[in-house]
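Everything on this sheet refers to the single structure shown next.
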Amino acid sequence: MGEPIAVGVLGAGYVGLVSAACFAEVGHRVVCVDRDERKIAALRRGEMPIYEAGLEDLVRRNAAAGRLTFETETAAAADACKLLFVAVGTPSLDNGDVDMSQIKSAMEAIAESSTDDKIVVIKSTVPVGTGSMAETLLRSKARSGVSFDVVSNPEFLREGSAVHDTFHMDRIVIGAASSAAGERVREALAPFDAPVLMTNRESAELIKYASNSFLATKISFINEMANLSEKVGADIGMVAQGMGMDKRIGPSFLNAGIGYGGFCLPKDTRAQLFIAENVDYDFKIMRAVVEVNQLQRQRFVRKVRAAFDGELAGKTLAVMGLSFKPNTDDLRDAPSLDIIAMLRQYGASIRAYDPVCGPKAAKLLPGVPITDDPYEALRDADAMLIVTEWAQVKSLDLDRAKAALRRPLVFDGRNVFDPAAMRAQGFRYFGIGKP
């Protein structure tokens with residue numbers, strides 16, 4: 001790469017912190033800003049606010065080398081950097097719209113802190129038109145003689161593999177009204193050596209929503225096929241494999257289960273619906289995707305109830321995995337939370353296992369014992385429910401697991417195990433989309 005660039009990153013969440021650490025790793029001088037003083041103090045001590053594979057090592061190494069610093073004031077980044085990446089939160093409102101308050105606050109802070117021209121790069125997932133809104137807001141608050149260019153650079157990171165994804169991007173999307181500003185962002189991202197798509201801001205903003213919405217659609221579609229497979233005696237694993245061999249379809253996101261969760265897909269599908277409604281368009285496919293995803297959790301609970309003849313009162317169920325996916329401690333919209341709530345409503349007692357997110361989960365699941373020992377969770381339980389496909393769950397000693405359970409009953413919400421092998425080992429086994 002060329003000369004290192006001074007880069008500011010506003011927001012130290014999943015996207016901001018990973019981006020900041022990876023920018024520093026490729027040689028840029030990075031100032032990462034977050035208003036949460038406790039979070040910044042912890043980061044300065046090398047303590048991570050999130051669990052993400054490889055992140056702690058990157059942060060500590062680059063902080064020690066002086067390439068990565070953490071601050072609570074936007075002025076610290078504005079004083080040192082011409083290029084400011086905004087990666088603050090954009091959560092959903094109750095009506096499905098996007099809460100833009102943190103974006104607006106970030107723009108106001110940048111305008112108030114900047115004494116020279118800046119390129120402001122929005123990495124947060126935002127509705128179409130945000131770039132124009134941000135540019136107008138920056139200019140209205142700018143000091144005399146200071147100008148701003150706003151560029152859209154959506155992120156496509158997967159939680160649990162965000163560091164890997166940053167260094168192995170499928171593509172970089174840069175949406176800019178100014179070609180000069182777009183090229184400057186391209187230079188900053190050049191060390192990541194990924195194909196670049198240069199476009200206008202509106203297209204870049206919509207690409208992120210379109211991508212996540214399509215991935216959610218694949219998940220809900222394969223889950224519908226799984227439900228049909230159970231009724232006709234097909235094996236969804238074979239069906240998905242046959243579909244995925246078609247290059248037009250591909251194998252990714254064709255794993256049947258209990259549906260998607262986390263922050264991005266639920267939020268972005270709801271936002272996509274809201275965006276469509278605002279322009280008087282009925283996005284029927286997306287509406288069905290959201291509905292199917294929620295129903296998939298209910299179907300799993302019905303399957304559990306049916307195996308106990310509808311009576312869960314007095315039964316102890318071991319829920320294996322709480323985070324919405326493996327290799328993260330993110331519990332936002334995790335299927336486990338809905339499933340546990342429904343099971344408890346039917347009178348079941350829950351004992352849960354997760355190798356990482358126990359402390360976070362304890363706050364959300366009062367009265368549910370949570371352990372980081374899978375066999376402790378299974379001890380004397382009436383059934384094992386696999387909700388998150390952690391490697392530790394996949395590698396269970398099944399003889400030991402069977403001995404721990406009161407009944408050799410397994411509900412595999414992620415199709416971790418082979419049904420024939422489980423039955424041969426003496427388990428009564430229920431998968432998703434399995435005959």
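Ordering of the structure tokens sets the chain letters (A, B, ...); residue numbers start at 1 within each chain; ligands are numbered from 1 in the order shown.
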
Selection: 8 Å around Leu322 in chain A, only C-alpha atoms, excl. self and same-chain fewer than 3 positions, as an mmCIF file with N, CA and C atoms, in the first residue's frame:
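Below is the file that was written, out.cif:
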```
data_model
loop_
_atom_site.group_PDB
_atom_site.id
_atom_site.type_symbol
_atom_site.label_atom_id
_atom_site.label_comp_id
_atom_site.auth_asym_id
_atom_site.auth_seq_id
_atom_site.Cartn_x
_atom_site.Cartn_y
_atom_site.Cartn_z
ATOM 1 N N VAL A 319 -31.283 -26.762 26.805
ATOM 2 C CA VAL A 319 -31.143 -25.964 25.585
ATOM 3 C C VAL A 319 -29.657 -25.751 25.325
ATOM 4 N N LEU A 331 -26.919 -11.923 21.414
ATOM 5 C CA LEU A 331 -28.217 -12.525 21.728
ATOM 6 C C LEU A 331 -29.372 -11.736 21.122
ATOM 7 N N ALA A 334 -32.108 -13.591 19.102
ATOM 8 C CA ALA A 334 -31.678 -14.995 19.040
ATOM 9 C C ALA A 334 -32.900 -15.902 19.125
ATOM 10 N N PRO A 335 -32.996 -16.906 18.249
ATOM 11 C CA PRO A 335 -34.122 -17.849 18.342
ATOM 12 C C PRO A 335 -34.257 -18.490 19.723
ATOM 13 N N SER A 336 -33.127 -18.680 20.404
ATOM 14 C CA SER A 336 -33.167 -19.320 21.716
ATOM 15 C C SER A 336 -34.089 -18.594 22.689
ATOM 16 N N LEU A 337 -34.102 -17.268 22.633
ATOM 17 C CA LEU A 337 -34.890 -16.492 23.600
ATOM 18 C C LEU A 337 -36.378 -16.727 23.390
ATOM 19 N N ALA A 352 -29.744 -24.252 30.491
ATOM 20 C CA ALA A 352 -29.134 -23.840 29.226
ATOM 21 C C ALA A 352 -27.621 -23.950 29.267
ATOM 22 N N TYR A 353 -27.065 -24.219 28.079
ATOM 23 C CA TYR A 353 -25.611 -24.262 27.896
ATOM 24 C C TYR A 353 -25.207 -23.284 26.807
ATOM 25 N N ASP A 354 -24.161 -22.528 27.053
ATOM 26 C CA ASP A 354 -23.503 -21.731 26.010
ATOM 27 C C ASP A 354 -22.061 -21.500 26.454
ATOM 28 N N CYS A 357 -21.721 -16.853 26.041
ATOM 29 C CA CYS A 357 -22.582 -15.710 26.384
ATOM 30 C C CYS A 357 -23.385 -15.890 27.662
ATOM 31 N N ALA A 361 -26.550 -13.653 28.838
ATOM 32 C CA ALA A 361 -27.830 -14.358 28.800
ATOM 33 C C ALA A 361 -28.519 -14.347 30.158
ATOM 34 N N VAL A 387 -29.963 -25.660 19.718
ATOM 35 C CA VAL A 387 -30.461 -24.387 19.204
ATOM 36 C C VAL A 387 -29.362 -23.598 18.484
ATOM 37 N N THR A 388 -28.114 -23.752 18.931
ATOM 38 C CA THR A 388 -26.986 -23.077 18.280
ATOM 39 C C THR A 388 -25.921 -24.128 17.985
#
```

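Residues in contact with Leu138 in chain A at up to 12 Å, not including ones fewer than 4 positions away on its chain and judged by only C-alpha atoms, are Ile103, Lys104, Ser105, Ala106, Met107, Glu108, Ala109, Ile110, Ala111, Glu112, Ser113, Ser114, Asp117, Lys118, Ile119, Val120, Thr130, Gly131, Ser132, Met133, Ala134, Ala142, Arg143, Ser144, Val146, Ser147, Phe148, Asp149 and Val150 of chain A.
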
request  = Run DSSP on the backbone and grab whatever in range 195-415 of chain A lands in alpha helix (DSSP H); send it over as a PyMOL selection string.
outcome  = chain A and resi 201-232+236-244+264-278+284-307+335-345+358-364+374-378+391-394+398-404

Selected residue of minimal separation from Val126 in chain A among A:Ile219, A:Leu206, A:Val185, A:Ala80, counting only C-alpha atoms: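 The closest residue to Val126 in chain A is A:Leu206.
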
Contacts of range 416-419 of chain A at 9 Å or less, counting only C-alpha atoms, minus same-chain residues fewer than 3 places along, as a PDB file with N, CA, C and O atoms, in the first residue's frame?
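See out30.pdb below for the written result:
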```pdb
ATOM      1  N   ILE A 386     -31.024 -28.729  20.556  1.00  0.00           N
ATOM      2  CA  ILE A 386     -29.874 -28.055  19.947  1.00  0.00           C
ATOM      3  C   ILE A 386     -30.376 -26.816  19.219  1.00  0.00           C
ATOM      4  O   ILE A 386     -31.116 -26.904  18.235  1.00  0.00           O
ATOM      5  N   GLU A 389     -25.422 -24.129  16.764  1.00  0.00           N
ATOM      6  CA  GLU A 389     -24.513 -25.187  16.329  1.00  0.00           C
ATOM      7  C   GLU A 389     -23.061 -24.893  16.692  1.00  0.00           C
ATOM      8  O   GLU A 389     -22.145 -24.901  15.858  1.00  0.00           O
ATOM      9  N   VAL A 393     -20.928 -28.296  20.734  1.00  0.00           N
ATOM     10  CA  VAL A 393     -22.126 -29.136  20.647  1.00  0.00           C
ATOM     11  C   VAL A 393     -21.913 -30.227  19.601  1.00  0.00           C
ATOM     12  O   VAL A 393     -22.228 -31.398  19.823  1.00  0.00           O
ATOM     13  N   LYS A 394     -21.356 -29.858  18.460  1.00  0.00           N
ATOM     14  CA  LYS A 394     -21.103 -30.833  17.405  1.00  0.00           C
ATOM     15  C   LYS A 394     -20.163 -31.945  17.869  1.00  0.00           C
ATOM     16  O   LYS A 394     -20.258 -33.082  17.398  1.00  0.00           O
ATOM     17  N   ASP A 412     -33.022 -31.576  17.279  1.00  0.00           N
ATOM     18  CA  ASP A 412     -31.867 -30.933  16.657  1.00  0.00           C
ATOM     19  C   ASP A 412     -32.341 -29.807  15.735  1.00  0.00           C
ATOM     20  O   ASP A 412     -32.667 -30.012  14.571  1.00  0.00           O
ATOM     21  N   GLY A 413     -32.356 -28.588  16.278  1.00  0.00           N
ATOM     22  CA  GLY A 413     -32.837 -27.442  15.526  1.00  0.00           C
ATOM     23  C   GLY A 413     -31.876 -26.939  14.474  1.00  0.00           C
ATOM     24  O   GLY A 413     -32.218 -26.017  13.716  1.00  0.00           O
ATOM     25  N   MET A 422     -27.686 -41.292  15.037  1.00  0.00           N
ATOM     26  CA  MET A 422     -28.236 -41.018  16.362  1.00  0.00           C
ATOM     27  C   MET A 422     -29.193 -42.119  16.795  1.00  0.00           C
ATOM     28  O   MET A 422     -29.181 -42.572  17.939  1.00  0.00           O
ATOM     29  N   ARG A 423     -30.015 -42.569  15.869  1.00  0.00           N
ATOM     30  CA  ARG A 423     -30.962 -43.630  16.214  1.00  0.00           C
ATOM     31  C   ARG A 423     -30.239 -44.938  16.478  1.00  0.00           C
ATOM     32  O   ARG A 423     -30.624 -45.701  17.366  1.00  0.00           O
ATOM     33  N   ALA A 424     -29.169 -45.186  15.714  1.00  0.00           N
ATOM     34  CA  ALA A 424     -28.387 -46.408  15.936  1.00  0.00           C
ATOM     35  C   ALA A 424     -27.742 -46.391  17.311  1.00  0.00           C
ATOM     36  O   ALA A 424     -27.490 -47.455  17.904  1.00  0.00           O
ATOM     37  N   TYR A 429     -34.615 -39.269  17.928  1.00  0.00           N
ATOM     38  CA  TYR A 429     -34.031 -38.073  17.307  1.00  0.00           C
ATOM     39  C   TYR A 429     -35.036 -37.382  16.387  1.00  0.00           C
ATOM     40  O   TYR A 429     -35.694 -38.035  15.571  1.00  0.00           O
ATOM     41  N   PHE A 430     -35.141 -36.056  16.530  1.00  0.00           N
ATOM     42  CA  PHE A 430     -35.972 -35.238  15.662  1.00  0.00           C
ATOM     43  C   PHE A 430     -35.112 -34.104  15.076  1.00  0.00           C
ATOM     44  O   PHE A 430     -34.605 -33.259  15.816  1.00  0.00           O
ATOM     45  N   GLY A 431     -34.950 -34.094  13.774  1.00  0.00           N
ATOM     46  CA  GLY A 431     -34.259 -33.002  13.109  1.00  0.00           C
ATOM     47  C   GLY A 431     -35.247 -32.074  12.429  1.00  0.00           C
ATOM     48  O   GLY A 431     -36.448 -32.124  12.672  1.00  0.00           O
ATOM     49  N   LYS A 434     -36.295 -33.724   8.181  1.00  0.00           N
ATOM     50  CA  LYS A 434     -35.807 -35.095   8.072  1.00  0.00           C
ATOM     51  C   LYS A 434     -36.979 -36.071   8.108  1.00  0.00           C
ATOM     52  O   LYS A 434     -37.920 -35.884   8.875  1.00  0.00           O
TER      53      LYS A 434
END
```

Hey, which of A:Val33, A:Ala6, A:Tyr375, A:Ile432 ends up closest to Leu228 in chain A? Count only C-alpha atoms.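 For Leu228 in chain A, the nearest of the candidates is A:Ile432.
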
inquiry  = Neighbouring residues of Ser178 in chain A were defined as those with any atom within 10 Å, considering only C-alpha atoms; residues of the same chain fewer than 2 positions away were excluded. Please report them as a PyMOL selection string.
reply    = chain A and resi 149-151+175-176+180-183+200-201

Would you save the residues of that selection, restricted to all heavy atoms, as a PDB file, in the first residue's frame?
```pdb
ATOM      1  N   ASP A 149     -17.784  15.887   2.166  1.00  0.00           N
ATOM      2  CA  ASP A 149     -18.300  14.934   1.195  1.00  0.00           C
ATOM      3  C   ASP A 149     -18.760  13.707   1.964  1.00  0.00           C
ATOM      4  O   ASP A 149     -18.056  13.241   2.878  1.00  0.00           O
ATOM      5  CB  ASP A 149     -17.221  14.526   0.188  1.00  0.00           C
ATOM      6  CG  ASP A 149     -16.938  15.614  -0.828  1.00  0.00           C
ATOM      7  OD1 ASP A 149     -17.880  16.000  -1.541  1.00  0.00           O
ATOM      8  OD2 ASP A 149     -15.782  16.073  -0.892  1.00  0.00           O
ATOM      9  N   VAL A 150     -19.907  13.175   1.599  1.00  0.00           N
ATOM     10  CA  VAL A 150     -20.434  11.982   2.261  1.00  0.00           C
ATOM     11  C   VAL A 150     -20.415  10.817   1.268  1.00  0.00           C
ATOM     12  O   VAL A 150     -20.891  10.932   0.141  1.00  0.00           O
ATOM     13  CB  VAL A 150     -21.866  12.208   2.780  1.00  0.00           C
ATOM     14  CG1 VAL A 150     -22.440  10.915   3.368  1.00  0.00           C
ATOM     15  CG2 VAL A 150     -21.873  13.314   3.830  1.00  0.00           C
ATOM     16  N   VAL A 151     -19.846   9.714   1.707  1.00  0.00           N
ATOM     17  CA  VAL A 151     -19.699   8.511   0.883  1.00  0.00           C
ATOM     18  C   VAL A 151     -20.373   7.347   1.602  1.00  0.00           C
ATOM     19  O   VAL A 151     -20.283   7.228   2.834  1.00  0.00           O
ATOM     20  CB  VAL A 151     -18.205   8.201   0.639  1.00  0.00           C
ATOM     21  CG1 VAL A 151     -18.037   6.888  -0.122  1.00  0.00           C
ATOM     22  CG2 VAL A 151     -17.538   9.347  -0.102  1.00  0.00           C
ATOM     23  N   GLY A 175     -20.297   4.211  -2.683  1.00  0.00           N
ATOM     24  CA  GLY A 175     -21.273   5.083  -3.318  1.00  0.00           C
ATOM     25  C   GLY A 175     -20.949   6.530  -3.015  1.00  0.00           C
ATOM     26  O   GLY A 175     -20.923   6.938  -1.852  1.00  0.00           O
ATOM     27  N   ALA A 176     -20.687   7.314  -4.051  1.00  0.00           N
ATOM     28  CA  ALA A 176     -20.242   8.691  -3.832  1.00  0.00           C
ATOM     29  C   ALA A 176     -20.847   9.635  -4.859  1.00  0.00           C
ATOM     30  O   ALA A 176     -21.014   9.277  -6.031  1.00  0.00           O
ATOM     31  CB  ALA A 176     -18.721   8.768  -3.891  1.00  0.00           C
ATOM     32  N   ALA A 180     -13.922  12.307  -6.641  1.00  0.00           N
ATOM     33  CA  ALA A 180     -12.668  12.487  -5.900  1.00  0.00           C
ATOM     34  C   ALA A 180     -12.774  11.875  -4.509  1.00  0.00           C
ATOM     35  O   ALA A 180     -11.851  11.202  -4.032  1.00  0.00           O
ATOM     36  CB  ALA A 180     -12.305  13.968  -5.813  1.00  0.00           C
ATOM     37  N   ALA A 181     -13.920  12.093  -3.835  1.00  0.00           N
ATOM     38  CA  ALA A 181     -14.118  11.512  -2.506  1.00  0.00           C
ATOM     39  C   ALA A 181     -14.194   9.991  -2.595  1.00  0.00           C
ATOM     40  O   ALA A 181     -13.626   9.275  -1.762  1.00  0.00           O
ATOM     41  CB  ALA A 181     -15.391  12.073  -1.874  1.00  0.00           C
ATOM     42  N   GLY A 182     -14.880   9.490  -3.617  1.00  0.00           N
ATOM     43  CA  GLY A 182     -14.955   8.044  -3.794  1.00  0.00           C
ATOM     44  C   GLY A 182     -13.595   7.420  -4.006  1.00  0.00           C
ATOM     45  O   GLY A 182     -13.298   6.348  -3.453  1.00  0.00           O
ATOM     46  N   GLU A 183     -12.746   8.070  -4.793  1.00  0.00           N
ATOM     47  CA  GLU A 183     -11.404   7.549  -5.038  1.00  0.00           C
ATOM     48  C   GLU A 183     -10.554   7.575  -3.782  1.00  0.00           C
ATOM     49  O   GLU A 183      -9.729   6.683  -3.558  1.00  0.00           O
ATOM     50  CB  GLU A 183     -10.728   8.336  -6.161  1.00  0.00           C
ATOM     51  CG  GLU A 183     -11.258   8.034  -7.542  1.00  0.00           C
ATOM     52  CD  GLU A 183     -11.114   6.563  -7.916  1.00  0.00           C
ATOM     53  OE1 GLU A 183     -10.089   5.940  -7.550  1.00  0.00           O
ATOM     54  OE2 GLU A 183     -12.033   6.019  -8.553  1.00  0.00           O
ATOM     55  N   ASN A 200     -23.492   5.259  -7.261  1.00  0.00           N
ATOM     56  CA  ASN A 200     -24.011   6.425  -6.551  1.00  0.00           C
ATOM     57  C   ASN A 200     -24.428   6.013  -5.142  1.00  0.00           C
ATOM     58  O   ASN A 200     -24.530   4.833  -4.823  1.00  0.00           O
ATOM     59  CB  ASN A 200     -25.165   7.079  -7.317  1.00  0.00           C
ATOM     60  CG  ASN A 200     -26.372   6.162  -7.449  1.00  0.00           C
ATOM     61  OD1 ASN A 200     -26.305   4.975  -7.155  1.00  0.00           O
ATOM     62  ND2 ASN A 200     -27.484   6.714  -7.895  1.00  0.00           N
ATOM     63  N   ARG A 201     -24.674   7.004  -4.292  1.00  0.00           N
ATOM     64  CA  ARG A 201     -24.941   6.708  -2.881  1.00  0.00           C
ATOM     65  C   ARG A 201     -26.212   5.886  -2.707  1.00  0.00           C
ATOM     66  O   ARG A 201     -26.254   4.942  -1.912  1.00  0.00           O
ATOM     67  CB  ARG A 201     -25.047   8.005  -2.077  1.00  0.00           C
ATOM     68  CG  ARG A 201     -23.719   8.646  -1.754  1.00  0.00           C
ATOM     69  CD  ARG A 201     -23.867   9.734  -0.707  1.00  0.00           C
ATOM     70  NE  ARG A 201     -24.791  10.776  -1.099  1.00  0.00           N
ATOM     71  CZ  ARG A 201     -24.506  12.077  -1.122  1.00  0.00           C
ATOM     72  NH1 ARG A 201     -23.283  12.472  -0.814  1.00  0.00           N
ATOM     73  NH2 ARG A 201     -25.415  12.957  -1.453  1.00  0.00           N
TER      74      ARG A 201
END
```

Review point. Which value, in Å to one decimal, gives the distance between CA of Ile370 in chain A and CA of Asn255 in chain A?
Key: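 Atom-to-atom, CA of Ile370 in chain A to CA of Asn255 in chain A, that is 26.9 Å.
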
(message) For the structure I just gave you, how does DSSP split range 45-119 of chain A - specifically, which residues are strand (DSSP E)? Reply as an NGL selection string.
(response) :A and (68-71 or 83-86 or 118-119)

**Prompt:** In Å, with one decimal, what is the gap from CA of Leu365 in chain A to CA of Lys267 in chain A?
**Reply:**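 Atom-to-atom, CA of Leu365 in chain A to CA of Lys267 in chain A, that is 22.1 Å.
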